[in-house]
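Here the structure is laid out as structure tokens; the discussion comes afterwards.
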Amino acid sequence: MNFDRKTFLRTLGIGAAGLLATRGRGAVETDPEEQTSAPVWTPEDPEGYWGQVRAQFPMTPRRTYFNTGGLGPAPRRVLDMLTLASRQLQERVETGHDFFEQARVIVAAYFGARPDEICFARNATEGNCVVATGLELQAADEVIFESHAHPGGSFPWLNRQRTDGIVVKTFEPDPVRAEGNVERIAALITPRTRVIQVSHITSPTGIIMPLPAIAKLAHQHRAWFHVDGAQSAGMIPLNLPALGCDSFATSGHKWMGGPHETGVFWIRLEKMGEIVPRQVGAHSSEDVNLKRPGEFLYAAGAHRFEYGTRNAASVLALAEAVRFQNELGRERIAARGHALADHVRAGIEKIDGIEILTPADPAMRGSILTFHSPRIGQKKLFEQLLVDHRLRCRPVNEVGLDAIRVSTHLFNTVAECDRLIGAVGEILKKA
Ligand SMILES: Cc1ncc(COP(=O)(O)O)c(C=O)c1O
């Protein structure tokens, strides 16, 4: 569904100020004209355009932010939606739960999915947990994922290993050949393999996994294929059904630019019945009056995994973040982040004593660049960048990598990247 901004606000019960002052159970009032809208693309002046985009982010000028892979900033209009909706729902003392269905339509379209395949989670980890706790597995059944998996992707399975005796197997991701990752997974498959999971884009070094090929392999072996997309949603455009996976979890508060504690869990409709919801309550079922006493039916869609009172304002604000990206153009955002990461790469790889860990193949990387120097530990380099140069990157100490990760997103500028390159050069000269 393609809403324009006013239609969207009206659809959500949001009209010009005062219009809905006292009526409506969950209506949120704001003047759509007051909202900041996305700038118009100016091919003759790309830096001017991106400067306007940057102006939409109320970030402190006191430091430069290169850690969207950890937590992304939300643009002003997302924060406006969050505060307005929170305030008005508080004033009316309404949950605003009805808004979930409208937000679901918008978020589903963003992912090329059906609304009933979308569950609003609180973060990526929660979606990963739905799969790791909900698949019916026996002791000695095997799960494969990459050794670089974030704890939000690995701990749910390691916990299941502890509680139910399943067996976790890991492979080291191949940063050189995409097919190398398919081969490394294939080498671990046995008749007991039940699940294959990968990060779409790995957190420590930003390797893009070849999802359709892994999906094919998983399904040849009748394994469930789950993707942890915390680093891909919002960085690159996605059509989830086309990726071939059975389920996909992501954060809303990283590359998507949504508010803190938002996430999306997607599950292919025809696979819904294979995951047992382990946390249920009101909203997990339409059958609240229990047609058959003592039993209830799960809701037909993925909202069966939602339960209890939630923060509708943050879900509305996530839908607003999606609209913001749609207006800017998702291919354009992806290309910008990638180009900035390339710019940092080109500058940093010239510095003596730097080793780049992110793949060289442009098809295997996006808007993340991770580098390492044997001359200085990541802790020291991270601190010097932050304290002496006010550049916020992310130290990478997973699996002994001892590196620095730089995330470049739509609000970053070429000038900021140049400052980062200069700062790394200066620090290494003294190291
Ligand atoms: C691949 C991956 N999975 C999961 C997470 C955890 O995300 P969340 O805090 O939204 O659960 C992260 C966070 O960096 C991540 O990179």
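Simple scheme: letters A, B, ... for chains in structure tokens order, numbers from 1 for residues in each chain, numbers from 1 for ligands in the order shown.
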
Looking only at strand (DSSP E or B) from DSSP on the backbone, list the matching residues of region 280-422 of chain A as a list of chain:residue names.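 Across region 280-422 of chain A, those assigned strand (DSSP E or B) are A:Glu355, A:Ile356, A:Ile368, A:Leu369, A:Thr370, A:Phe371, A:His372, A:Leu391, A:Arg392, A:Arg394, A:Pro395, A:Val396, A:Ala403, A:Ile404, A:Arg405, A:Val406, A:Ser407.
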
For ligand 1, collect every residue having any atom at a distance of at most 9 Å from a ligand atom (counting only C-alpha atoms and all ligand atoms); output as a compact mmCIF listing (two decimals) with N, CA and C atoms, in the first residue's frame.
```
# COMPACT_ATOMS: atom_id res chain seq x y z
N THR A 68 26.24 2.95 13.68
CA THR A 68 24.85 2.56 13.41
C THR A 68 24.68 1.04 13.57
N GLY A 69 25.72 0.28 13.31
CA GLY A 69 25.63 -1.18 13.50
C GLY A 69 25.34 -1.55 14.94
N GLY A 70 25.63 -0.65 15.88
CA GLY A 70 25.32 -0.90 17.29
C GLY A 70 23.95 -0.34 17.64
N LEU A 71 23.76 0.92 17.31
CA LEU A 71 22.50 1.60 17.57
C LEU A 71 22.43 2.77 16.60
N ARG A 122 10.62 -6.55 20.12
CA ARG A 122 11.27 -5.43 20.83
C ARG A 122 12.70 -5.22 20.37
N ASN A 123 13.25 -6.18 19.69
CA ASN A 123 14.63 -6.10 19.18
C ASN A 123 14.86 -7.32 18.30
N ALA A 124 16.04 -7.43 17.72
CA ALA A 124 16.33 -8.58 16.86
C ALA A 124 16.42 -9.86 17.68
N THR A 125 17.00 -9.75 18.87
CA THR A 125 17.20 -10.93 19.71
C THR A 125 15.87 -11.62 19.99
N GLU A 126 14.83 -10.82 20.22
CA GLU A 126 13.53 -11.41 20.54
C GLU A 126 13.04 -12.28 19.38
N GLY A 127 13.21 -11.79 18.15
CA GLY A 127 12.82 -12.59 16.98
C GLY A 127 13.65 -13.86 16.88
N ASN A 128 14.95 -13.74 17.11
CA ASN A 128 15.81 -14.93 17.08
C ASN A 128 15.35 -15.95 18.13
N HIS A 148 31.01 -15.94 13.94
CA HIS A 148 30.97 -14.50 14.18
C HIS A 148 29.58 -14.03 14.62
N ALA A 149 28.67 -14.96 14.87
CA ALA A 149 27.30 -14.54 15.24
C ALA A 149 27.33 -13.66 16.49
N HIS A 150 26.48 -12.65 16.49
CA HIS A 150 26.32 -11.78 17.66
C HIS A 150 25.67 -12.61 18.78
N PRO A 151 25.93 -12.27 20.05
CA PRO A 151 25.28 -13.03 21.14
C PRO A 151 23.75 -13.06 21.00
N GLY A 152 23.19 -12.01 20.38
CA GLY A 152 21.74 -12.00 20.16
C GLY A 152 21.30 -13.08 19.18
N GLY A 153 22.23 -13.62 18.41
CA GLY A 153 21.93 -14.71 17.49
C GLY A 153 22.43 -16.04 18.01
N SER A 154 23.52 -16.05 18.75
CA SER A 154 24.10 -17.33 19.20
C SER A 154 23.57 -17.78 20.55
N VAL A 198 22.14 -17.83 9.64
CA VAL A 198 23.29 -16.93 9.41
C VAL A 198 22.85 -15.51 9.70
N SER A 199 23.84 -14.67 9.98
CA SER A 199 23.58 -13.23 9.97
C SER A 199 23.57 -12.84 8.50
N HIS A 200 22.58 -12.03 8.10
CA HIS A 200 22.57 -11.61 6.69
C HIS A 200 23.87 -10.85 6.39
N ILE A 201 24.19 -9.91 7.30
CA ILE A 201 25.47 -9.20 7.23
C ILE A 201 26.11 -9.39 8.60
N THR A 202 27.30 -9.95 8.63
CA THR A 202 27.88 -10.29 9.93
C THR A 202 28.25 -9.03 10.69
N SER A 203 28.06 -9.12 11.99
CA SER A 203 28.26 -7.93 12.83
C SER A 203 29.73 -7.51 12.95
N PRO A 204 30.68 -8.42 13.20
CA PRO A 204 32.05 -7.92 13.44
C PRO A 204 32.72 -7.31 12.20
N ASP A 228 19.38 -13.80 10.75
CA ASP A 228 19.48 -12.68 11.68
C ASP A 228 19.85 -11.46 10.84
N GLY A 229 18.86 -10.60 10.62
CA GLY A 229 19.06 -9.46 9.72
C GLY A 229 19.29 -8.14 10.44
N ALA A 230 19.81 -8.21 11.67
CA ALA A 230 20.00 -6.97 12.45
C ALA A 230 20.86 -5.95 11.70
N GLN A 231 21.82 -6.45 10.91
CA GLN A 231 22.72 -5.52 10.21
C GLN A 231 22.31 -5.23 8.76
N SER A 232 21.22 -5.82 8.30
CA SER A 232 20.89 -5.58 6.89
C SER A 232 19.64 -4.72 6.70
N ALA A 249 14.80 -12.02 11.47
CA ALA A 249 14.61 -11.13 12.62
C ALA A 249 15.52 -9.92 12.46
N THR A 250 15.02 -8.76 12.84
CA THR A 250 15.88 -7.58 12.80
C THR A 250 15.53 -6.59 13.90
N SER A 251 16.45 -5.67 14.11
CA SER A 251 16.23 -4.55 15.02
C SER A 251 15.60 -3.42 14.22
N GLY A 252 14.75 -2.62 14.89
CA GLY A 252 14.29 -1.38 14.26
C GLY A 252 15.21 -0.22 14.60
N HIS A 253 16.01 -0.40 15.67
CA HIS A 253 16.80 0.71 16.23
C HIS A 253 18.24 0.76 15.74
N LYS A 254 18.52 0.11 14.59
CA LYS A 254 19.85 0.26 14.01
C LYS A 254 19.71 1.01 12.68
N HIS A 260 14.34 3.29 19.95
CA HIS A 260 14.93 2.21 20.76
C HIS A 260 13.86 1.18 21.12
N GLU A 261 14.29 -0.03 21.25
CA GLU A 261 13.43 -1.17 21.61
C GLU A 261 12.33 -1.42 20.59
N THR A 262 12.75 -1.43 19.32
CA THR A 262 11.82 -1.88 18.27
C THR A 262 12.52 -2.96 17.46
N GLY A 263 11.73 -3.86 16.94
CA GLY A 263 12.27 -4.94 16.12
C GLY A 263 11.16 -5.53 15.27
```

What's the 6 Å shell around Leu243 (chain A), counting only C-alpha atoms, without same-chain residues fewer than 2 positions away, as a PyMOL selection string? chain A and resi 211-212+240-241+245

Could you please take those selected residues and save C-alpha atoms as a JSON list (two decimals), in the first residue's frame?
```
[["chain", "number", "residue", "atom", "x", "y", "z"],
["A", 211, "LEU", "CA", 21.20, -16.09, 1.34],
["A", 212, "PRO", "CA", 19.43, -17.66, -1.68],
["A", 240, "LEU", "CA", 12.21, -11.08, 2.42],
["A", 241, "PRO", "CA", 10.23, -13.74, 0.51],
["A", 245, "CYS", "CA", 14.67, -17.98, 4.24]]
```

What's the separation between CA of Tyr307 (chain A) and CA of Ile196 (chain A), in Å to one decimal place? 27.3 Å

Between CA of Lys380 (chain A) and CA of Phe155 (chain A), measure the distance and give it in Å to one decimal. 28.1 Å

Tell me which protein, DNA and RNA residues are within 8 Å of Thr83 (chain A), counting only C-alpha atoms, leaving out same-chain ones fewer than 4 positions away, and put them as a PyMOL selection string. chain A and resi 79+87+313

Report as a PyMOL selection string all protein, DNA and RNA residues lying within 7 Å of region 349-354 of chain A, evaluated on only C-alpha atoms, omitting residues in the same chain fewer than 2 positions from it. chain A and resi 345-347+356+371-375+425

To one decimal in Å, tell me the separation between CA of Thr163 (chain A) and CA of Gly273 (chain A). 22.8 Å

Compare A:Ala178, A:Pro73, A:His389, A:Ser284 by their minimum atom-to-atom distance to Ala360 (chain A), counting only C-alpha atoms, and give me the closest one. A:Ala178

Region 295-302 of chain A surroundings by only C-alpha atoms, 8 Å radius, close-in-sequence under 4 positions cut, as a PDB file with N, CA and C atoms, in the first residue's frame:
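Generated output (out.pdb):
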```
ATOM      1  N   ASP A 116       0.334 -10.260   7.569  1.00  0.00           N
ATOM      2  CA  ASP A 116       0.165 -11.317   8.583  1.00  0.00           C
ATOM      3  C   ASP A 116       1.440 -12.161   8.770  1.00  0.00           C
ATOM      4  N   GLU A 117       2.516 -11.770   8.086  1.00  0.00           N
ATOM      5  CA  GLU A 117       3.805 -12.433   8.308  1.00  0.00           C
ATOM      6  C   GLU A 117       4.715 -11.611   9.237  1.00  0.00           C
ATOM      7  N   ILE A 118       4.210 -10.464   9.672  1.00  0.00           N
ATOM      8  CA  ILE A 118       5.042  -9.528  10.445  1.00  0.00           C
ATOM      9  C   ILE A 118       4.636  -9.529  11.916  1.00  0.00           C
ATOM     10  N   CYS A 119       5.630  -9.700  12.775  1.00  0.00           N
ATOM     11  CA  CYS A 119       5.422  -9.571  14.224  1.00  0.00           C
ATOM     12  C   CYS A 119       6.265  -8.395  14.704  1.00  0.00           C
ATOM     13  N   TRP A 266       9.876 -11.680  10.972  1.00  0.00           N
ATOM     14  CA  TRP A 266       9.089 -12.117   9.809  1.00  0.00           C
ATOM     15  C   TRP A 266       9.135 -13.644   9.738  1.00  0.00           C
ATOM     16  N   ILE A 267       7.986 -14.228   9.441  1.00  0.00           N
ATOM     17  CA  ILE A 267       7.968 -15.681   9.238  1.00  0.00           C
ATOM     18  C   ILE A 267       7.074 -15.980   8.046  1.00  0.00           C
ATOM     19  N   LEU A 269       4.379 -17.377   5.829  1.00  0.00           N
ATOM     20  CA  LEU A 269       3.057 -17.779   6.306  1.00  0.00           C
ATOM     21  C   LEU A 269       2.892 -19.296   6.371  1.00  0.00           C
ATOM     22  N   MET A 272       4.369 -20.968   9.434  1.00  0.00           N
ATOM     23  CA  MET A 272       3.974 -20.436  10.747  1.00  0.00           C
ATOM     24  C   MET A 272       3.737 -21.559  11.775  1.00  0.00           C
ATOM     25  N   HIS A 283      -3.667 -10.801  22.575  1.00  0.00           N
ATOM     26  CA  HIS A 283      -3.156 -10.440  21.242  1.00  0.00           C
ATOM     27  C   HIS A 283      -2.498 -11.622  20.527  1.00  0.00           C
ATOM     28  N   SER A 284      -2.169 -12.699  21.244  1.00  0.00           N
ATOM     29  CA  SER A 284      -1.639 -13.884  20.556  1.00  0.00           C
ATOM     30  C   SER A 284      -2.786 -14.654  19.906  1.00  0.00           C
ATOM     31  N   SER A 285      -4.005 -14.281  20.249  1.00  0.00           N
ATOM     32  CA  SER A 285      -5.173 -14.996  19.749  1.00  0.00           C
ATOM     33  C   SER A 285      -6.300 -14.012  19.510  1.00  0.00           C
ATOM     34  N   GLU A 286      -7.114 -14.306  18.473  1.00  0.00           N
ATOM     35  CA  GLU A 286      -8.325 -13.506  18.294  1.00  0.00           C
ATOM     36  C   GLU A 286      -9.443 -14.088  19.167  1.00  0.00           C
ATOM     37  N   ASP A 287      -9.193 -15.290  19.659  1.00  0.00           N
ATOM     38  CA  ASP A 287     -10.197 -16.090  20.338  1.00  0.00           C
ATOM     39  C   ASP A 287     -10.191 -15.788  21.834  1.00  0.00           C
ATOM     40  N   VAL A 288     -10.342 -14.491  22.186  1.00  0.00           N
ATOM     41  CA  VAL A 288     -10.164 -14.154  23.605  1.00  0.00           C
ATOM     42  C   VAL A 288     -11.276 -14.702  24.495  1.00  0.00           C
ATOM     43  N   LEU A 290     -12.515 -17.639  24.262  1.00  0.00           N
ATOM     44  CA  LEU A 290     -12.359 -19.097  24.314  1.00  0.00           C
ATOM     45  C   LEU A 290     -13.624 -19.838  23.861  1.00  0.00           C
ATOM     46  N   LYS A 291     -13.684 -20.025  22.524  1.00  0.00           N
ATOM     47  CA  LYS A 291     -14.847 -20.735  21.973  1.00  0.00           C
ATOM     48  C   LYS A 291     -14.997 -22.101  22.631  1.00  0.00           C
ATOM     49  N   GLU A 306       3.009 -11.874  19.509  1.00  0.00           N
ATOM     50  CA  GLU A 306       2.943 -10.650  20.315  1.00  0.00           C
ATOM     51  C   GLU A 306       1.979 -10.921  21.470  1.00  0.00           C
TER      52      GLU A 306
END
```

Here is a test: counting only C-alpha atoms, which residue of A:Val280, A:Leu385, A:Val195, A:Phe100 is nearest to Glu426 (chain A)?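 Closest candidate: A:Leu385.
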
Could you please write out, as a VMD selection string, every residue of region 158-403 of chain A that DSSP assigns to alpha helix (DSSP H)? chain A and resid 158 to 164 178 to 186 211 to 220 240 to 243 312 to 328 330 to 348 378 to 389

I want to know what sits within 12 Å of Thr42 (chain A), based on only C-alpha atoms, with residues of the same chain fewer than 5 positions away left out; could you give that as a PyMOL selection string? chain A and resi 47-53+328+332

With N, CA and C atoms retained, write the just-selected residues as an mmCIF file, in the first residue's frame.
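Everything below was put into out-v1.cif:
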```
data_model
loop_
_atom_site.group_PDB
_atom_site.id
_atom_site.type_symbol
_atom_site.label_atom_id
_atom_site.label_comp_id
_atom_site.auth_asym_id
_atom_site.auth_seq_id
_atom_site.Cartn_x
_atom_site.Cartn_y
_atom_site.Cartn_z
ATOM 1 N N GLU A 47 26.157 16.268 -2.339
ATOM 2 C CA GLU A 47 26.553 16.574 -0.955
ATOM 3 C C GLU A 47 25.559 17.538 -0.304
ATOM 4 N N GLY A 48 25.016 18.454 -1.120
ATOM 5 C CA GLY A 48 23.994 19.376 -0.598
ATOM 6 C C GLY A 48 22.759 18.587 -0.157
ATOM 7 N N TYR A 49 22.386 17.627 -0.992
ATOM 8 C CA TYR A 49 21.224 16.781 -0.658
ATOM 9 C C TYR A 49 21.464 16.022 0.646
ATOM 10 N N TRP A 50 22.636 15.384 0.742
ATOM 11 C CA TRP A 50 22.901 14.572 1.947
ATOM 12 C C TRP A 50 23.056 15.468 3.172
ATOM 13 N N GLY A 51 23.494 16.699 2.954
ATOM 14 C CA GLY A 51 23.545 17.659 4.058
ATOM 15 C C GLY A 51 22.141 17.943 4.590
ATOM 16 N N GLN A 52 21.182 18.016 3.670
ATOM 17 C CA GLN A 52 19.787 18.232 4.114
ATOM 18 C C GLN A 52 19.259 17.019 4.868
ATOM 19 N N VAL A 53 19.666 15.839 4.387
ATOM 20 C CA VAL A 53 19.249 14.616 5.098
ATOM 21 C C VAL A 53 19.828 14.658 6.512
ATOM 22 N N LEU A 328 13.154 8.764 0.832
ATOM 23 C CA LEU A 328 14.520 9.072 0.379
ATOM 24 C C LEU A 328 14.942 8.141 -0.759
ATOM 25 N N ARG A 332 19.100 4.386 -2.925
ATOM 26 C CA ARG A 332 19.973 5.556 -2.764
ATOM 27 C C ARG A 332 20.672 5.524 -1.400
#
```

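Closest approach to Ile236 (chain A) from the set A:Asp388, A:Glu331, A:Glu94, A:Asp418 is made by A:Glu331, with distances taken over only C-alpha atoms.
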
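Distances to Ala140 (chain A) were evaluated for A:Arg162, A:Arg292, A:His226, A:Arg268 using only C-alpha atoms, and the minimum falls at A:Arg162.
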
Using only C-alpha atoms, pick whichever of A:Arg114, A:Arg405, A:Arg390, A:Lys429 has the shortest atom-to-atom distance to Arg63 (chain A).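 For Arg63 (chain A), the nearest of the given residues is A:Arg390.
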